[in-house]
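Below you'll find the structure, written out as C-alpha coordinates, and then a few comments.
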Amino acid sequence: MQSLIGTGVALITPFKADFSIDIDALKRIVNFSIDGGIEYLVVLGTTAENATLSQEEKELVIQTVIEVNAGRLPLVLGVGGNNTLEVVAELKTRDLSSFVAILSVSPYYNRPTQEGIYQHFKAVSEASPIPVILYNVPGRTASNVLPGTVIRLANDFENIVAIKEAAGDMVQAMQLLKNKPKDFLVISGDDMIALPIVLAGGAGVISVIGQGFPKEFSEMIRLGLNRKVDDAYKSQYLLSDCIDMIFEQGNPAGIKEVFKILGIAENVVRLPLVTVDESLSNRLSVFVKNIDKNT
(Lines give C-alpha, C1' and ligand atoms only; values in the text may rest on other atoms or scores of the structure.)
Protein backbone atom coordinates (compact mmCIF):
# COMPACT_ATOMS: atom_id res chain seq x y z
CA MET A 1 0.00 0.00 0.00
CA GLN A 2 1.61 3.20 -1.22
CA SER A 3 -0.19 5.23 1.47
CA LEU A 4 1.77 3.43 4.20
CA ILE A 5 5.23 4.21 2.84
CA GLY A 6 7.19 6.86 4.73
CA THR A 7 6.49 8.27 8.17
CA GLY A 8 3.30 7.70 10.10
CA VAL A 9 2.96 9.08 13.61
CA ALA A 10 1.24 7.44 16.58
CA LEU A 11 -0.69 10.42 17.90
CA ILE A 12 -0.79 11.16 21.62
CA THR A 13 -4.00 12.08 23.42
CA PRO A 14 -3.38 15.46 25.06
CA PHE A 15 -5.08 16.12 28.40
CA LYS A 16 -5.91 19.25 30.34
CA ALA A 17 -4.87 19.71 33.97
CA ASP A 18 -8.15 18.10 35.06
CA PHE A 19 -7.31 15.03 32.91
CA SER A 20 -10.05 15.69 30.36
CA ILE A 21 -9.13 15.50 26.68
CA ASP A 22 -7.69 18.74 25.32
CA ILE A 23 -9.39 18.91 21.92
CA ASP A 24 -7.71 22.17 20.89
CA ALA A 25 -4.28 20.71 21.62
CA LEU A 26 -5.14 17.57 19.64
CA LYS A 27 -6.04 19.74 16.67
CA ARG A 28 -2.74 21.60 16.99
CA ILE A 29 -0.80 18.33 17.09
CA VAL A 30 -2.52 16.98 13.98
CA ASN A 31 -1.84 20.19 12.06
CA PHE A 32 1.76 20.34 13.34
CA SER A 33 2.40 16.80 12.09
CA ILE A 34 0.78 17.43 8.72
CA ASP A 35 2.56 20.74 8.21
CA GLY A 36 5.84 19.02 9.10
CA GLY A 37 5.54 16.63 6.17
CA ILE A 38 4.61 13.27 7.65
CA GLU A 39 2.79 10.82 5.35
CA TYR A 40 -0.02 9.41 7.52
CA LEU A 41 -1.58 9.55 10.99
CA VAL A 42 -2.24 6.69 13.39
CA VAL A 43 -5.18 7.24 15.73
CA LEU A 44 -5.54 5.40 19.06
CA GLY A 45 -2.30 3.48 19.02
CA THR A 46 -0.79 2.59 22.39
CA THR A 47 0.92 6.01 22.50
CA ALA A 48 -2.57 7.53 22.73
CA GLU A 49 -2.99 6.05 26.25
CA ASN A 50 -6.07 4.37 24.86
CA ALA A 51 -6.02 1.86 27.73
CA THR A 52 -7.11 4.74 29.97
CA LEU A 53 -9.74 6.20 27.63
CA SER A 54 -13.45 5.52 27.91
CA GLN A 55 -15.41 4.48 24.83
CA GLU A 56 -16.88 7.96 24.61
CA GLU A 57 -13.43 9.53 24.79
CA LYS A 58 -12.14 7.24 22.05
CA GLU A 59 -14.99 8.34 19.81
CA LEU A 60 -14.20 11.97 20.57
CA VAL A 61 -10.54 11.47 19.60
CA ILE A 62 -11.46 9.65 16.39
CA GLN A 63 -13.96 12.26 15.24
CA THR A 64 -11.66 15.15 16.13
CA VAL A 65 -8.77 13.73 14.10
CA ILE A 66 -11.02 12.93 11.14
CA GLU A 67 -12.44 16.45 11.14
CA VAL A 68 -9.16 18.36 11.49
CA ASN A 69 -7.36 16.11 9.02
CA ALA A 70 -10.12 16.85 6.51
CA GLY A 71 -8.91 14.21 4.09
CA ARG A 72 -5.40 15.61 3.82
CA LEU A 73 -3.54 12.47 4.90
CA PRO A 74 -4.38 8.75 5.12
CA LEU A 75 -5.57 7.66 8.56
CA VAL A 76 -4.89 4.37 10.36
CA LEU A 77 -6.93 3.30 13.40
CA GLY A 78 -5.66 1.21 16.29
CA VAL A 79 -8.06 -1.71 16.86
CA GLY A 80 -6.54 -4.45 18.99
CA GLY A 81 -6.63 -6.21 22.31
CA ASN A 82 -6.25 -9.49 24.13
CA ASN A 83 -9.90 -10.52 23.81
CA THR A 84 -10.23 -11.77 20.24
CA LEU A 85 -14.04 -11.84 20.27
CA GLU A 86 -14.14 -8.23 21.45
CA VAL A 87 -11.74 -7.08 18.71
CA VAL A 88 -13.79 -8.94 16.08
CA ALA A 89 -17.01 -7.37 17.37
CA GLU A 90 -15.52 -3.88 17.13
CA LEU A 91 -14.33 -4.49 13.58
CA LYS A 92 -17.78 -5.67 12.56
CA THR A 93 -19.61 -2.70 14.08
CA ARG A 94 -17.29 0.32 13.80
CA ASP A 95 -17.49 2.71 10.84
CA LEU A 96 -14.03 2.40 9.27
CA SER A 97 -14.80 4.36 6.12
CA SER A 98 -12.39 7.18 7.04
CA PHE A 99 -9.42 4.83 7.48
CA VAL A 100 -7.08 3.13 5.02
CA ALA A 101 -6.08 0.38 7.47
CA ILE A 102 -6.25 -0.79 11.07
CA LEU A 103 -3.23 -1.31 13.31
CA SER A 104 -3.81 -4.36 15.49
CA VAL A 105 -1.47 -5.21 18.35
CA SER A 106 -0.64 -8.80 19.17
CA PRO A 107 -2.56 -9.97 22.25
CA TYR A 108 -0.91 -8.81 25.46
CA TYR A 109 -0.74 -10.46 28.91
CA ASN A 110 -2.29 -13.76 27.72
CA ARG A 111 1.08 -14.77 26.18
CA PRO A 112 -0.41 -16.96 23.43
CA THR A 113 1.64 -19.50 21.48
CA GLN A 114 2.57 -18.74 17.88
CA GLU A 115 -0.47 -20.76 16.80
CA GLY A 116 -2.66 -18.71 19.14
CA ILE A 117 -1.27 -15.50 17.64
CA TYR A 118 -1.94 -16.87 14.15
CA GLN A 119 -5.53 -17.80 15.00
CA HIS A 120 -6.13 -14.41 16.63
CA PHE A 121 -5.00 -12.52 13.54
CA LYS A 122 -6.89 -14.94 11.28
CA ALA A 123 -10.06 -13.88 13.09
CA VAL A 124 -9.07 -10.20 12.86
CA SER A 125 -8.38 -10.53 9.14
CA GLU A 126 -11.68 -12.23 8.45
CA ALA A 127 -13.60 -9.57 10.39
CA SER A 128 -11.85 -6.48 9.04
CA PRO A 129 -13.34 -4.73 6.00
CA ILE A 130 -10.09 -2.82 5.44
CA PRO A 131 -6.38 -3.78 5.35
CA VAL A 132 -4.67 -4.92 8.54
CA ILE A 133 -1.26 -3.89 9.89
CA LEU A 134 0.05 -6.36 12.44
CA TYR A 135 1.77 -4.82 15.46
CA ASN A 136 4.55 -6.70 17.22
CA VAL A 137 5.85 -5.06 20.40
CA PRO A 138 7.13 -7.78 22.75
CA GLY A 139 8.26 -5.28 25.38
CA ARG A 140 4.60 -4.44 26.00
CA THR A 141 2.82 -7.70 25.10
CA ALA A 142 5.23 -10.22 26.70
CA SER A 143 5.16 -12.35 23.55
CA ASN A 144 7.06 -12.06 20.28
CA VAL A 145 5.36 -12.57 16.92
CA LEU A 146 8.09 -14.59 15.22
CA PRO A 147 8.98 -14.02 11.55
CA GLY A 148 7.59 -17.42 10.57
CA THR A 149 4.18 -16.51 11.99
CA VAL A 150 4.20 -13.12 10.28
CA ILE A 151 5.11 -14.64 6.91
CA ARG A 152 2.45 -17.31 7.31
CA LEU A 153 -0.20 -14.67 8.00
CA ALA A 154 1.01 -12.48 5.12
CA ASN A 155 0.79 -15.41 2.71
CA ASP A 156 -2.57 -16.72 3.95
CA PHE A 157 -4.57 -13.46 4.20
CA GLU A 158 -4.61 -10.92 1.41
CA ASN A 159 -5.77 -8.06 3.62
CA ILE A 160 -2.86 -8.46 6.07
CA VAL A 161 -0.63 -6.00 4.27
CA ALA A 162 2.06 -4.91 6.73
CA ILE A 163 3.64 -5.26 10.13
CA LYS A 164 4.72 -2.59 12.57
CA GLU A 165 7.81 -4.34 13.88
CA ALA A 166 8.86 -3.06 17.31
CA ALA A 167 10.86 -5.93 18.75
CA GLY A 168 13.97 -3.74 18.60
CA ASP A 169 15.79 -6.65 16.95
CA MET A 170 17.49 -5.79 13.66
CA VAL A 171 18.20 -9.46 12.89
CA GLN A 172 14.51 -10.31 13.27
CA ALA A 173 13.58 -7.36 11.05
CA MET A 174 16.02 -8.57 8.39
CA GLN A 175 14.50 -12.06 8.50
CA LEU A 176 11.11 -10.49 7.81
CA LEU A 177 12.49 -8.40 4.98
CA LYS A 178 14.24 -11.38 3.42
CA ASN A 179 11.27 -13.75 3.50
CA LYS A 180 8.19 -11.55 3.17
CA PRO A 181 5.88 -11.61 0.15
CA LYS A 182 6.75 -8.96 -2.44
CA ASP A 183 4.10 -6.38 -1.57
CA PHE A 184 4.03 -6.94 2.19
CA LEU A 185 5.39 -3.93 4.10
CA VAL A 186 7.75 -4.05 7.06
CA ILE A 187 7.28 -0.81 9.00
CA SER A 188 9.58 0.03 11.90
CA GLY A 189 7.89 0.55 15.24
CA ASP A 190 11.16 1.58 16.86
CA ASP A 191 12.35 5.13 16.20
CA MET A 192 16.00 4.38 16.87
CA ILE A 193 16.35 1.66 14.25
CA ALA A 194 13.79 3.03 11.77
CA LEU A 195 16.50 4.23 9.37
CA PRO A 196 18.46 0.94 9.37
CA ILE A 197 15.22 -0.96 8.71
CA VAL A 198 14.38 1.38 5.82
CA LEU A 199 17.85 0.97 4.35
CA ALA A 200 17.48 -2.82 4.61
CA GLY A 201 14.25 -2.66 2.59
CA GLY A 202 11.60 -1.47 5.05
CA ALA A 203 8.72 0.79 4.07
CA GLY A 204 9.14 3.42 6.77
CA VAL A 205 8.08 3.92 10.35
CA ILE A 206 5.15 4.47 12.68
CA SER A 207 6.86 6.93 14.99
CA VAL A 208 6.51 8.61 18.35
CA ILE A 209 9.24 11.23 17.95
CA GLY A 210 7.96 12.02 14.45
CA GLN A 211 5.04 14.04 15.83
CA GLY A 212 7.39 16.20 17.91
CA PHE A 213 9.91 16.71 15.12
CA PRO A 214 7.89 15.92 11.99
CA LYS A 215 10.02 17.90 9.54
CA GLU A 216 13.35 16.46 10.64
CA PHE A 217 12.21 12.86 11.18
CA SER A 218 10.09 12.46 8.06
CA GLU A 219 12.87 13.95 5.94
CA MET A 220 15.31 11.42 7.41
CA ILE A 221 13.03 8.57 6.39
CA ARG A 222 12.57 9.99 2.89
CA LEU A 223 16.34 10.30 2.52
CA GLY A 224 16.65 6.66 3.56
CA LEU A 225 13.97 5.53 1.10
CA ASN A 226 15.82 7.45 -1.63
CA ARG A 227 19.13 5.82 -0.61
CA LYS A 228 20.77 9.12 0.35
CA VAL A 229 22.52 7.31 3.15
CA ASP A 230 25.04 9.87 4.39
CA ASP A 231 22.48 12.66 4.61
CA ALA A 232 19.99 10.33 6.29
CA TYR A 233 22.48 9.35 8.97
CA LYS A 234 23.27 12.99 9.69
CA SER A 235 19.61 13.38 10.64
CA GLN A 236 19.68 10.10 12.59
CA TYR A 237 22.58 11.24 14.75
CA LEU A 238 21.03 14.67 15.22
CA LEU A 239 17.87 13.09 16.67
CA SER A 240 19.28 10.02 18.41
CA ASP A 241 19.84 11.64 21.81
CA CYS A 242 16.28 12.88 21.88
CA ILE A 243 14.91 9.49 20.82
CA ASP A 244 16.59 7.99 23.87
CA MET A 245 15.30 10.78 26.09
CA ILE A 246 11.64 10.61 25.11
CA PHE A 247 11.48 6.93 26.09
CA GLU A 248 13.73 7.20 29.16
CA GLN A 249 10.86 7.67 31.62
CA GLY A 250 8.06 6.11 29.65
CA ASN A 251 5.95 6.78 26.60
CA PRO A 252 4.14 9.14 26.06
CA ALA A 253 5.43 11.20 29.00
CA GLY A 254 8.60 12.04 27.07
CA ILE A 255 6.96 13.19 23.85
CA LYS A 256 4.32 15.08 25.84
CA GLU A 257 7.13 17.01 27.51
CA VAL A 258 8.42 17.94 24.04
CA PHE A 259 4.98 19.30 23.16
CA LYS A 260 4.93 21.26 26.43
CA ILE A 261 8.30 22.83 25.57
CA LEU A 262 7.03 23.63 22.06
CA GLY A 263 3.92 25.28 23.53
CA ILE A 264 1.56 22.90 21.71
CA ALA A 265 0.11 20.86 24.59
CA GLU A 266 0.53 20.38 28.33
CA ASN A 267 2.35 17.36 29.72
CA VAL A 268 -0.47 15.59 31.51
CA VAL A 269 -0.67 11.80 31.58
CA ARG A 270 -3.15 9.53 33.29
CA LEU A 271 -2.18 7.10 36.03
CA PRO A 272 -0.46 4.73 36.24
CA LEU A 273 1.82 6.89 34.08
CA VAL A 274 3.47 9.98 35.57
CA THR A 275 5.19 12.97 34.01
CA VAL A 276 8.95 13.20 33.51
CA ASP A 277 11.18 14.53 36.27
CA GLU A 278 12.89 17.93 36.29
CA SER A 279 16.23 16.58 35.08
CA LEU A 280 14.77 15.01 31.94
CA SER A 281 12.57 18.05 31.33
CA ASN A 282 15.63 20.30 31.40
CA ARG A 283 17.59 18.06 29.04
CA LEU A 284 14.70 17.89 26.59
CA SER A 285 14.32 21.65 26.76
CA VAL A 286 17.97 22.17 25.81
CA PHE A 287 17.59 19.76 22.88
CA VAL A 288 14.40 21.38 21.56
CA LYS A 289 15.83 24.89 21.81
CA ASN A 290 19.03 23.90 20.03
CA ILE A 291 17.71 21.68 17.25
CA ASP A 292 17.20 24.51 14.76
CA LYS A 293 20.84 25.54 15.19
CA ASN A 294 21.95 22.04 14.19
CA THR A 295 19.77 21.55 11.10
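Chain labels run A, B, ... following the order of the C-alpha coordinates; each chain numbers its residues from 1, and ligands are numbered from 1 in the order shown.
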
| Can you list, as number ranges by chain, every protein, DNA or RNA residue that comes within 10 Å of Arg152 (chain A) when you count only C-alpha atoms, leaving out same-chain residues fewer than 3 positions away? | A: 118, 147-149, 155-157, 180-181

| said: With DSSP run on the backbone, what are the alpha helix (DSSP H) residues within region 121-265 of chain A? I'd like them as a ChimeraX atom specification. | reply: /A:121-127,138-141,147-156,170-179,194-199,214-225,229-248,253-262

| Using only C-alpha atoms, which residue out of A:Asn144, A:Thr84, A:Asn69, A:Thr275 lies closest to Phe32 (chain A)? |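 Nearest to Phe32 (chain A): A:Asn69.
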
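Using only C-alpha atoms, the shortest contact distance between Leu73 (chain A) and any of A:Asp183, A:Leu96, A:Glu57, A:Leu4 is found at A:Leu4.
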
Could you find all residues in region 200-280 of chain A that DSSP calls strand (DSSP E) from the backbone, and write them as a JSON list (two decimals) with all heavy atoms, in the first residue's frame?
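Done, and the output landed in part.json:
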```json
[["chain", "number", "residue", "atom", "x", "y", "z"],
["A", 204, "GLY", "N", 9.22, 2.18, 6.01],
["A", 204, "GLY", "CA", 9.14, 3.42, 6.77],
["A", 204, "GLY", "C", 8.95, 3.14, 8.23],
["A", 204, "GLY", "O", 9.47, 2.15, 8.76],
["A", 205, "VAL", "N", 8.18, 3.98, 8.91],
["A", 205, "VAL", "CA", 8.08, 3.92, 10.35],
["A", 205, "VAL", "C", 6.72, 4.42, 10.81],
["A", 205, "VAL", "O", 6.11, 5.27, 10.16],
["A", 205, "VAL", "CB", 9.20, 4.78, 11.00],
["A", 205, "VAL", "CG1", 9.06, 6.24, 10.61],
["A", 205, "VAL", "CG2", 9.23, 4.65, 12.52],
["A", 206, "ILE", "N", 6.23, 3.85, 11.90],
["A", 206, "ILE", "CA", 5.15, 4.47, 12.68],
["A", 206, "ILE", "C", 5.83, 4.97, 13.94],
["A", 206, "ILE", "O", 6.28, 4.19, 14.77],
["A", 206, "ILE", "CB", 4.00, 3.50, 12.97],
["A", 206, "ILE", "CG1", 3.30, 3.13, 11.67],
["A", 206, "ILE", "CG2", 3.01, 4.13, 13.95],
["A", 206, "ILE", "CD1", 2.20, 2.08, 11.82],
["A", 207, "SER", "N", 5.92, 6.29, 14.08],
["A", 207, "SER", "CA", 6.86, 6.93, 14.99],
["A", 207, "SER", "C", 6.17, 7.65, 16.13],
["A", 207, "SER", "O", 5.04, 8.13, 16.00],
["A", 207, "SER", "CB", 7.70, 7.94, 14.18],
["A", 207, "SER", "OG", 8.52, 8.71, 15.02]]
```

| task | Mind checking which residues fall within 9 Å of Ile23 (chain A), counting only C-alpha atoms, ignoring those fewer than 4 positions away in the same chain, and posting them as a list in words? | result |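 Skipping anything fewer than 4 positions along the chain leaves Thr13, Pro14, Phe15, Lys27, Arg28, Leu60, Val61 and Thr64 of chain A.
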
| Do you know which residues are at most 12 Å from Thr47 (chain A) counting only C-alpha atoms, after dropping those on the same chain fewer than 2 positions away, and could you put them as number ranges by chain? | A: 9-14, 42-45, 49-53, 78, 140, 189, 206-209, 211, 246-247, 250-256, 269, 273

| query | From the list A:Ile197, A:Leu284, A:Ala265, A:Ala89, which residue is nearest Asp169 (chain A) when using only C-alpha atoms? | reply |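 Smallest separation from Asp169 (chain A) among the options: A:Ile197.
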
| query | Between A:Thr141, A:Gln119, A:Gln172, A:Gln2, which one has atoms that come closest to Phe184 (chain A), using only C-alpha atoms? | reply | A:Gln2
